[in-house]
file my_file_0.tsv (TSV, C-alpha atoms)
chain	number	residue	atom	x	y	z
A	1	MET	CA	104.56	115.00	72.80
A	2	SER	CA	105.50	117.32	75.66
A	3	SER	CA	108.50	116.24	77.74
A	4	ASP	CA	106.53	117.42	80.78
A	5	LEU	CA	104.14	114.47	80.45
A	6	VAL	CA	104.41	110.91	81.71
A	7	TRP	CA	102.20	107.82	81.68
A	8	TYR	CA	101.35	106.84	85.24
A	9	VAL	CA	100.55	103.12	85.13
A	10	SER	CA	98.40	101.84	87.99
A	11	TYR	CA	98.02	98.12	88.69
A	12	GLY	CA	95.97	98.64	91.88
A	13	SER	CA	93.12	100.77	93.17
A	14	ASN	CA	94.09	103.79	91.06
A	15	MET	CA	92.91	101.90	87.98
A	16	ASN	CA	89.56	103.20	89.24
A	17	ALA	CA	89.25	106.72	87.81
A	18	ALA	CA	87.27	108.01	90.82
A	19	ARG	CA	89.98	106.72	93.16
A	20	LEU	CA	92.68	108.46	91.13
A	21	GLY	CA	90.58	111.62	91.29
A	22	CYS	CA	91.10	111.74	95.06
A	23	TYR	CA	94.84	112.05	94.46
A	24	LEU	CA	94.34	114.83	91.93
A	25	ARG	CA	91.44	116.82	93.46
A	26	GLY	CA	91.63	115.62	97.07
A	27	GLY	CA	89.10	113.60	99.06
A	28	CYS	CA	88.39	110.21	100.61
A	29	PRO	CA	87.67	107.17	98.38
A	30	PRO	CA	84.60	105.06	99.25
A	31	GLY	CA	85.54	102.35	101.75
A	32	ALA	CA	88.87	103.98	102.66
A	33	ARG	CA	89.98	105.30	106.06
A	34	PHE	CA	92.04	108.22	104.81
A	35	SER	CA	91.46	111.48	102.95
A	36	TYR	CA	94.03	112.87	100.50
A	37	PRO	CA	95.05	116.51	100.06
A	38	GLY	CA	95.18	116.27	96.27
A	39	ALA	CA	97.77	117.39	93.76
A	40	ARG	CA	98.92	120.93	93.12
A	41	ASP	CA	97.35	120.66	89.65
A	42	HIS	CA	93.82	119.26	89.57
A	43	THR	CA	93.69	118.85	85.77
A	44	PRO	CA	92.19	115.48	84.75
A	45	PRO	CA	94.42	113.03	82.82
A	46	ARG	CA	94.90	113.97	79.15
A	47	ALA	CA	94.26	110.34	78.15
A	48	ASN	CA	94.03	106.85	79.60
A	49	ALA	CA	94.69	103.40	78.19
A	50	ALA	CA	94.44	99.75	79.18
A	51	VAL	CA	97.89	98.18	79.40
A	52	MET	CA	99.36	94.77	80.18
A	53	LEU	CA	102.64	94.67	82.08
A	54	PRO	CA	105.18	91.92	82.59
A	55	GLY	CA	105.44	90.94	86.23
A	56	GLN	CA	102.90	90.12	88.92
A	57	LEU	CA	100.57	91.81	91.38
A	58	TYR	CA	100.80	90.54	94.97
A	59	PHE	CA	99.28	91.53	98.29
A	60	ALA	CA	101.41	92.18	101.36
A	61	GLY	CA	101.73	94.24	104.54
A	62	VAL	CA	98.83	96.04	106.20
A	63	SER	CA	97.15	99.03	104.60
A	64	THR	CA	96.36	102.01	106.82
A	65	VAL	CA	93.80	103.08	104.20
A	66	TRP	CA	91.91	99.83	103.55
A	67	GLY	CA	93.08	97.38	106.21
A	68	GLY	CA	94.44	94.05	104.97
A	69	GLY	CA	97.12	93.51	102.36
A	70	MET	CA	98.19	96.18	99.88
A	71	GLY	CA	98.75	95.60	96.18
A	72	PHE	CA	102.37	95.69	95.01
A	73	TYR	CA	104.01	94.95	91.69
A	74	ASP	CA	107.05	92.77	91.06
A	75	PRO	CA	108.25	93.43	87.50
A	76	ASP	CA	110.51	90.36	87.63
A	77	ALA	CA	107.86	87.81	88.66
A	78	GLU	CA	105.73	85.75	86.29
A	79	GLY	CA	102.95	87.83	84.70
A	80	PRO	CA	101.17	89.39	83.10
A	81	THR	CA	99.61	92.19	85.15
A	82	PRO	CA	96.71	94.26	83.81
A	83	GLY	CA	97.00	97.97	84.46
A	84	ARG	CA	95.69	101.35	83.41
A	85	GLY	CA	97.86	104.14	82.12
A	86	TYR	CA	97.02	107.81	82.68
A	87	LEU	CA	98.74	110.55	80.70
A	88	ILE	CA	99.47	113.25	83.28
A	89	SER	CA	102.09	115.88	84.00
A	90	VAL	CA	105.37	115.08	85.72
A	91	GLU	CA	104.26	117.33	88.58
A	92	GLN	CA	101.02	115.39	88.99
A	93	PHE	CA	102.82	112.04	88.98
A	94	ALA	CA	105.22	113.27	91.66
A	95	ASP	CA	102.29	114.50	93.76
A	96	ILE	CA	100.43	111.18	93.42
A	97	ALA	CA	103.55	109.26	94.38
A	98	ARG	CA	104.21	111.46	97.43
A	99	GLN	CA	100.64	110.95	98.65
A	100	GLU	CA	101.08	107.17	98.27
A	101	MET	CA	104.17	107.60	100.44
A	102	HIS	CA	102.06	109.50	103.01
A	103	HIS	CA	103.73	112.85	102.26
A	104	ARG	CA	102.13	116.09	101.13
A	105	PRO	CA	102.92	117.29	97.62
A	106	VAL	CA	105.77	119.80	97.42
A	107	ALA	CA	107.54	121.58	94.59
A	108	ASP	CA	110.97	120.62	93.27
A	109	SER	CA	111.41	117.41	95.25
A	110	PRO	CA	114.16	114.91	94.32
A	111	LEU	CA	111.35	112.51	93.40
A	112	GLU	CA	109.97	115.02	90.88
A	113	ALA	CA	113.45	115.46	89.41
A	114	ALA	CA	113.73	111.68	88.96
A	115	VAL	CA	110.34	111.57	87.23
A	116	ARG	CA	111.28	114.47	84.99
A	117	SER	CA	114.36	112.51	83.89
A	118	GLY	CA	112.13	109.57	82.93
A	119	VAL	CA	113.89	107.24	85.39
A	120	PRO	CA	116.46	106.32	82.73
A	121	ASP	CA	118.06	103.53	84.80
A	122	GLY	CA	114.68	101.85	85.09
A	123	ARG	CA	114.35	102.18	88.87
A	124	TYR	CA	114.63	104.97	91.43
A	125	THR	CA	114.25	104.31	95.16
A	126	VAL	CA	113.17	107.19	97.37
A	127	GLY	CA	113.29	105.20	100.61
A	128	PRO	CA	112.70	101.76	102.15
A	129	GLY	CA	108.94	102.14	102.62
A	130	ARG	CA	106.02	100.89	100.58
A	131	TYR	CA	105.47	102.52	97.19
A	132	GLN	CA	108.80	104.33	97.50
A	133	THR	CA	110.39	102.74	94.43
A	134	LEU	CA	109.65	104.15	90.96
A	135	VAL	CA	109.85	101.65	88.10
A	136	ARG	CA	109.97	102.48	84.40
A	137	VAL	CA	107.76	99.88	82.71
A	138	GLY	CA	108.14	101.04	79.10
A	139	GLN	CA	107.05	103.90	76.90
A	140	ARG	CA	103.99	104.80	74.89
A	141	ASP	CA	103.98	107.29	72.03
A	142	GLY	CA	107.50	108.29	73.05
A	143	VAL	CA	106.47	109.09	76.64
A	144	ALA	CA	107.87	107.19	79.64
A	145	MET	CA	105.52	104.81	81.47
A	146	LEU	CA	106.14	104.76	85.22
A	147	THR	CA	104.67	103.11	88.28
A	148	PHE	CA	105.69	102.73	91.92
A	149	THR	CA	105.93	99.75	94.20
A	150	ALA	CA	107.83	98.32	97.17
A	151	PRO	CA	111.64	98.09	96.94
A	152	GLY	CA	111.66	94.30	97.45
A	153	HIS	CA	110.28	91.37	95.49
A	154	LEU	CA	107.39	88.93	95.76
A	155	GLY	CA	109.60	86.18	97.18
A	156	ASP	CA	110.71	88.41	100.06
A	157	ALA	CA	107.30	89.87	100.92
A	158	ASP	CA	105.18	89.37	104.04
A	159	LEU	CA	102.07	88.30	102.11
A	160	ASN	CA	98.67	89.24	103.48
A	161	GLN	CA	95.08	88.97	102.28
A	162	PRO	CA	93.44	92.16	100.94
A	163	THR	CA	90.04	93.32	102.19
A	164	PRO	CA	86.90	92.95	100.06
A	165	SER	CA	86.51	96.76	99.96
A	166	TYR	CA	89.98	97.11	98.46
A	167	LEU	CA	89.32	94.37	95.92
A	168	ARG	CA	86.03	96.05	94.94
A	169	MET	CA	88.01	99.16	94.04
A	170	LEU	CA	90.31	97.04	91.88
A	171	VAL	CA	87.36	95.29	90.24
A	172	GLU	CA	85.85	98.63	89.26
A	173	GLY	CA	89.19	99.73	87.83
A	174	LEU	CA	89.68	96.53	85.84
A	175	SER	CA	86.12	96.83	84.52
A	176	GLN	CA	86.67	100.46	83.48
A	177	ALA	CA	90.04	99.83	81.83
A	178	HIS	CA	89.78	96.29	80.47
A	179	GLY	CA	86.06	95.48	80.53
A	180	TRP	CA	86.65	92.49	82.82
A	181	SER	CA	83.74	90.80	84.58
A	182	GLN	CA	83.74	90.27	88.34
A	183	GLN	CA	84.27	86.55	87.76
A	184	ARG	CA	87.36	87.16	85.63
A	185	CYS	CA	88.69	89.57	88.25
A	186	GLN	CA	88.15	86.96	90.95
A	187	ARG	CA	90.17	84.39	89.00
A	188	TYR	CA	92.94	86.93	88.49
A	189	PHE	CA	93.05	87.84	92.20
A	190	ALA	CA	93.21	84.15	93.11
A	191	ARG	CA	96.27	83.79	90.84
A	192	CYS	CA	97.79	86.70	92.79
A	193	GLY	CA	97.16	84.97	96.11
A	194	ALA	CA	93.94	86.70	97.21
A	195	ASP	CA	91.27	84.47	98.73
A	196	ALA	CA	88.83	87.24	99.69
A	197	LEU	CA	85.55	87.32	97.80
A	198	VAL	CA	84.43	90.53	96.13
A	199	ALA	CA	80.90	90.89	97.52
call {"tool": "encode", "arguments": {"input": "my_file_0.tsv", "output": "structure tokens"}}
result
Amino acid sequence: MSSDLVWYVSYGSNMNAARLGCYLRGGCPPGARFSYPGARDHTPPRANAAVMLPGQLYFAGVSTVWGGGMGFYDPDAEGPTPGRGYLISVEQFADIARQEMHHRPVADSPLEAAVRSGVPDGRYTVGPGRYQTLVRVGQRDGVAMLTFTAPGHLGDADLNQPTPSYLRMLVEGLSQAHGWSQQRCQRYFARCGADALVA
């Protein structure tokens, strides 16, 4: 397997393939308030896979894209967390991460260098903001599996309810990746502290 590839593991709205496409090709996801410039390389993922991670999804802060709480991942909290892995290039992962951090993709960033190294220490923090901490969550077929989240933990977070439009995006992603029904998704969100109904 090429050392230029990485598994990007999403536990939030990017489980939805169309939503991820906005980070690769550019565009505005349905129900969102923000349009993305897209990655330098628009190539679709080479593969995708349903995965289960240790740790827990939680909702906190206020999203400028969806309103309401954003989904974050605490690898040290009680799990499991369903996710979806996408086999993409290191460059694409760095570009997706920078867009989550509200930065435009650029070449040869320190973040890209950290991704290229496979985040060997298990965690790499770019800054104090949301989604600015890369976490190595394992490997698949000899390729590193990475995600990004907040630098803190569930117990320290300012919890906040997500919007129904955001949860709908997660439901579609969980259905695509894991085949979950809306009712199963609703039970899962409730375990993660979300009271909003997915209409």
call {"tool": "atom_distance", "arguments": {"input": "my_file_0.tsv", "atom1": "CA of Met70 in chain A", "atom2": "CA of Pro162 in chain A"}}
result
6.3 Å
call {"tool": "residues_around", "arguments": {"input": "my_file_0.tsv", "residues": "Gln161 in chain A", "least_positions_apart": "3", "cutoff": "6 Å", "atoms": "only C-alpha atoms", "output": "ChimeraX atom specification"}}
result
/A:68-69,194
call {"tool": "atom_distance", "arguments": {"input": "my_file_0.tsv", "atom1": "CA of Pro105 in chain A", "atom2": "CA of Arg40 in chain A"}}
result
7.0 Å
call {"tool": "atom_distance", "arguments": {"input": "my_file_0.tsv", "atom1": "CA of Val119 in chain A", "atom2": "CA of Val135 in chain A"}}
result
7.4 Å
call {"tool": "closest_residue", "arguments": {"input": "my_file_0.tsv", "among": "A:Ala77, A:Ala97, A:Ala107, A:Leu20", "to": "Gly155 in chain A", "atoms": "all atoms listed in the file"}}
result
A:Ala77
call {"tool": "residues_near_point", "arguments": {"input": "my_file_0.tsv", "point": "(98.5, 118.4, 82.9)", "cutoff": "10 Å", "atoms": "all atoms listed in the file", "output": "list in words"}}
result
Asp4, Leu5, Val6, Asp41, His42, Thr43, Pro44, Pro45, Arg46, Leu87, Ile88, Ser89, Val90, Glu91, Gln92 and Phe93 of chain A
call {"tool": "closest_residue", "arguments": {"input": "my_file_0.tsv", "among": "A:Gln132, A:Thr163, A:Gln99, A:Ser3", "to": "Leu24 in chain A", "atoms": "all atoms listed in the file"}}
result
A:Gln99
call {"tool": "residues_around", "arguments": {"input": "my_file_0.tsv", "residues": "Thr149 in chain A", "least_positions_apart": "5", "cutoff": "9 Å", "atoms": "all atoms listed in the file", "output": "VMD selection string"}}
result
chain A and resid 71 to 74 130 to 135
call {"tool": "write_last_selection", "arguments": {"input": "my_file_0.tsv", "atoms": "C-alpha atoms", "output": "compact mmCIF listing (two decimals), keeping the file's coordinate frame"}}
result
# COMPACT_ATOMS: atom_id res chain seq x y z
CA GLY A 71 98.75 95.60 96.18
CA PHE A 72 102.37 95.69 95.01
CA TYR A 73 104.01 94.95 91.69
CA ASP A 74 107.05 92.77 91.06
CA ARG A 130 106.02 100.89 100.58
CA TYR A 131 105.47 102.52 97.19
CA GLN A 132 108.80 104.33 97.50
CA THR A 133 110.39 102.74 94.43
CA LEU A 134 109.65 104.15 90.96
CA VAL A 135 109.85 101.65 88.10
call {"tool": "closest_residue", "arguments": {"input": "my_file_0.tsv", "among": "A:Ala47, A:Asp108, A:Val9, A:Arg19", "to": "Arg168 in chain A", "atoms": "all atoms listed in the file"}}
result
A:Arg19
call {"tool": "residues_around", "arguments": {"input": "my_file_0.tsv", "residues": "Pro54 in chain A", "least_positions_apart": "2", "cutoff": "9 Å", "atoms": "all atoms listed in the file", "output": "PyMOL selection string"}}
result
chain A and resi 52+56+74-82+137
call {"tool": "closest_atom_pairs", "arguments": {"input": "my_file_0.tsv", "of": "range 66-164 of chain A", "to": "range 172-180 of chain A", "cutoff": "9 Å", "atoms": "all atoms listed in the file", "output": "Markdown table"}}
result
| residue | atom | partner | partner_atom | distance |
| --- | --- | --- | --- | --- |
| A:Pro82 | CA | A:Leu174 | CA | 7.7 |
| A:Gly83 | CA | A:Leu174 | CA | 7.6 |
| A:Arg84 | CA | A:Ala177 | CA | 6.1 |
| A:Gly85 | CA | A:Ala177 | CA | 8.9 |
call {"tool": "residues_around", "arguments": {"input": "my_file_0.tsv", "residues": "Ser109 in chain A", "least_positions_apart": "6", "cutoff": "10 Å", "atoms": "only C-alpha atoms", "output": "PyMOL selection string"}}
result
chain A and resi 91+94-95+98+115
call {"tool": "decode", "arguments": {"input": "my_file_0.tsv", "residues": "range 17-90 of chain A", "atoms": "C-alpha atoms", "output": "PDB file, in the first residue's frame"}}
result
ATOM      1  CA  ALA A  17     -20.279  10.739   1.211  1.00  0.00           C
ATOM      2  CA  ALA A  18     -21.956  13.789  -0.374  1.00  0.00           C
ATOM      3  CA  ARG A  19     -20.852  15.933   2.563  1.00  0.00           C
ATOM      4  CA  LEU A  20     -17.276  14.703   2.229  1.00  0.00           C
ATOM      5  CA  GLY A  21     -17.483  15.515  -1.481  1.00  0.00           C
ATOM      6  CA  CYS A  22     -17.826  19.205  -0.616  1.00  0.00           C
ATOM      7  CA  TYR A  23     -14.408  19.067   1.042  1.00  0.00           C
ATOM      8  CA  LEU A  24     -12.872  17.341  -1.972  1.00  0.00           C
ATOM      9  CA  ARG A  25     -14.639  19.077  -4.896  1.00  0.00           C
ATOM     10  CA  GLY A  26     -15.883  22.232  -3.161  1.00  0.00           C
ATOM     11  CA  GLY A  27     -19.452  23.355  -2.517  1.00  0.00           C
ATOM     12  CA  CYS A  28     -22.090  23.865   0.170  1.00  0.00           C
ATOM     13  CA  PRO A  29     -23.725  20.843   1.878  1.00  0.00           C
ATOM     14  CA  PRO A  30     -27.537  20.827   2.113  1.00  0.00           C
ATOM     15  CA  GLY A  31     -28.664  22.575   5.293  1.00  0.00           C
ATOM     16  CA  ALA A  32     -25.265  24.196   5.913  1.00  0.00           C
ATOM     17  CA  ARG A  33     -24.433  27.914   6.035  1.00  0.00           C
ATOM     18  CA  PHE A  34     -20.965  27.695   4.527  1.00  0.00           C
ATOM     19  CA  SER A  35     -19.401  26.738   1.198  1.00  0.00           C
ATOM     20  CA  TYR A  36     -16.014  24.996   1.012  1.00  0.00           C
ATOM     21  CA  PRO A  37     -13.233  25.658  -1.511  1.00  0.00           C
ATOM     22  CA  GLY A  38     -12.407  21.966  -1.920  1.00  0.00           C
ATOM     23  CA  ALA A  39      -9.122  20.099  -1.887  1.00  0.00           C
ATOM     24  CA  ARG A  40      -6.239  20.547  -4.297  1.00  0.00           C
ATOM     25  CA  ASP A  41      -6.921  17.011  -5.542  1.00  0.00           C
ATOM     26  CA  HIS A  42     -10.562  16.222  -6.313  1.00  0.00           C
ATOM     27  CA  THR A  43     -10.031  12.457  -6.729  1.00  0.00           C
ATOM     28  CA  PRO A  44     -12.749  10.435  -4.941  1.00  0.00           C
ATOM     29  CA  PRO A  45     -11.685   8.128  -2.075  1.00  0.00           C
ATOM     30  CA  ARG A  46     -10.000   4.915  -3.235  1.00  0.00           C
ATOM     31  CA  ALA A  47     -12.130   2.920  -0.782  1.00  0.00           C
ATOM     32  CA  ASN A  48     -14.391   3.342   2.220  1.00  0.00           C
ATOM     33  CA  ALA A  49     -15.266   1.121   5.159  1.00  0.00           C
ATOM     34  CA  ALA A  50     -17.524   1.066   8.202  1.00  0.00           C
ATOM     35  CA  VAL A  51     -15.471   1.171  11.399  1.00  0.00           C
ATOM     36  CA  MET A  52     -16.130   1.136  15.139  1.00  0.00           C
ATOM     37  CA  LEU A  53     -13.855   3.236  17.335  1.00  0.00           C
ATOM     38  CA  PRO A  54     -13.221   3.221  21.056  1.00  0.00           C
ATOM     39  CA  GLY A  55     -14.313   6.474  22.658  1.00  0.00           C
ATOM     40  CA  GLN A  56     -17.434   8.601  22.436  1.00  0.00           C
ATOM     41  CA  LEU A  57     -19.085  11.189  20.230  1.00  0.00           C
ATOM     42  CA  TYR A  58     -20.329  14.309  22.038  1.00  0.00           C
ATOM     43  CA  PHE A  59     -21.839  17.624  20.991  1.00  0.00           C
ATOM     44  CA  ALA A  60     -20.410  20.941  22.159  1.00  0.00           C
ATOM     45  CA  GLY A  61     -19.818  24.570  21.207  1.00  0.00           C
ATOM     46  CA  VAL A  62     -21.707  26.376  18.458  1.00  0.00           C
ATOM     47  CA  SER A  63     -21.253  25.491  14.802  1.00  0.00           C
ATOM     48  CA  THR A  64     -20.918  28.352  12.324  1.00  0.00           C
ATOM     49  CA  VAL A  65     -21.936  25.893   9.592  1.00  0.00           C
ATOM     50  CA  TRP A  66     -25.005  24.216  11.127  1.00  0.00           C
ATOM     51  CA  GLY A  67     -25.842  26.214  14.256  1.00  0.00           C
ATOM     52  CA  GLY A  68     -26.105  24.251  17.504  1.00  0.00           C
ATOM     53  CA  GLY A  69     -23.554  21.852  18.930  1.00  0.00           C
ATOM     54  CA  MET A  70     -20.773  20.298  16.868  1.00  0.00           C
ATOM     55  CA  GLY A  71     -19.770  16.649  16.991  1.00  0.00           C
ATOM     56  CA  PHE A  72     -16.439  15.888  18.659  1.00  0.00           C
ATOM     57  CA  TYR A  73     -14.700  12.653  19.561  1.00  0.00           C
ATOM     58  CA  ASP A  74     -13.112  11.747  22.884  1.00  0.00           C
ATOM     59  CA  PRO A  75     -10.993   8.619  22.355  1.00  0.00           C
ATOM     60  CA  ASP A  76     -10.674   8.130  26.123  1.00  0.00           C
ATOM     61  CA  ALA A  77     -14.390   8.188  26.968  1.00  0.00           C
ATOM     62  CA  GLU A  78     -16.677   5.159  27.087  1.00  0.00           C
ATOM     63  CA  GLY A  79     -17.614   3.940  23.595  1.00  0.00           C
ATOM     64  CA  PRO A  80     -17.965   2.656  21.060  1.00  0.00           C
ATOM     65  CA  THR A  81     -18.315   5.234  18.284  1.00  0.00           C
ATOM     66  CA  PRO A  82     -19.402   4.239  14.772  1.00  0.00           C
ATOM     67  CA  GLY A  83     -17.448   5.887  11.993  1.00  0.00           C
ATOM     68  CA  ARG A  84     -16.615   5.671   8.325  1.00  0.00           C
ATOM     69  CA  GLY A  85     -13.112   5.384   6.968  1.00  0.00           C
ATOM     70  CA  TYR A  86     -12.098   6.827   3.601  1.00  0.00           C
ATOM     71  CA  LEU A  87      -8.847   5.830   1.924  1.00  0.00           C
ATOM     72  CA  ILE A  88      -7.459   9.099   0.558  1.00  0.00           C
ATOM     73  CA  SER A  89      -4.107  10.745  -0.057  1.00  0.00           C
ATOM     74  CA  VAL A  90      -2.141  12.476   2.678  1.00  0.00           C
TER      75      VAL A  90
END
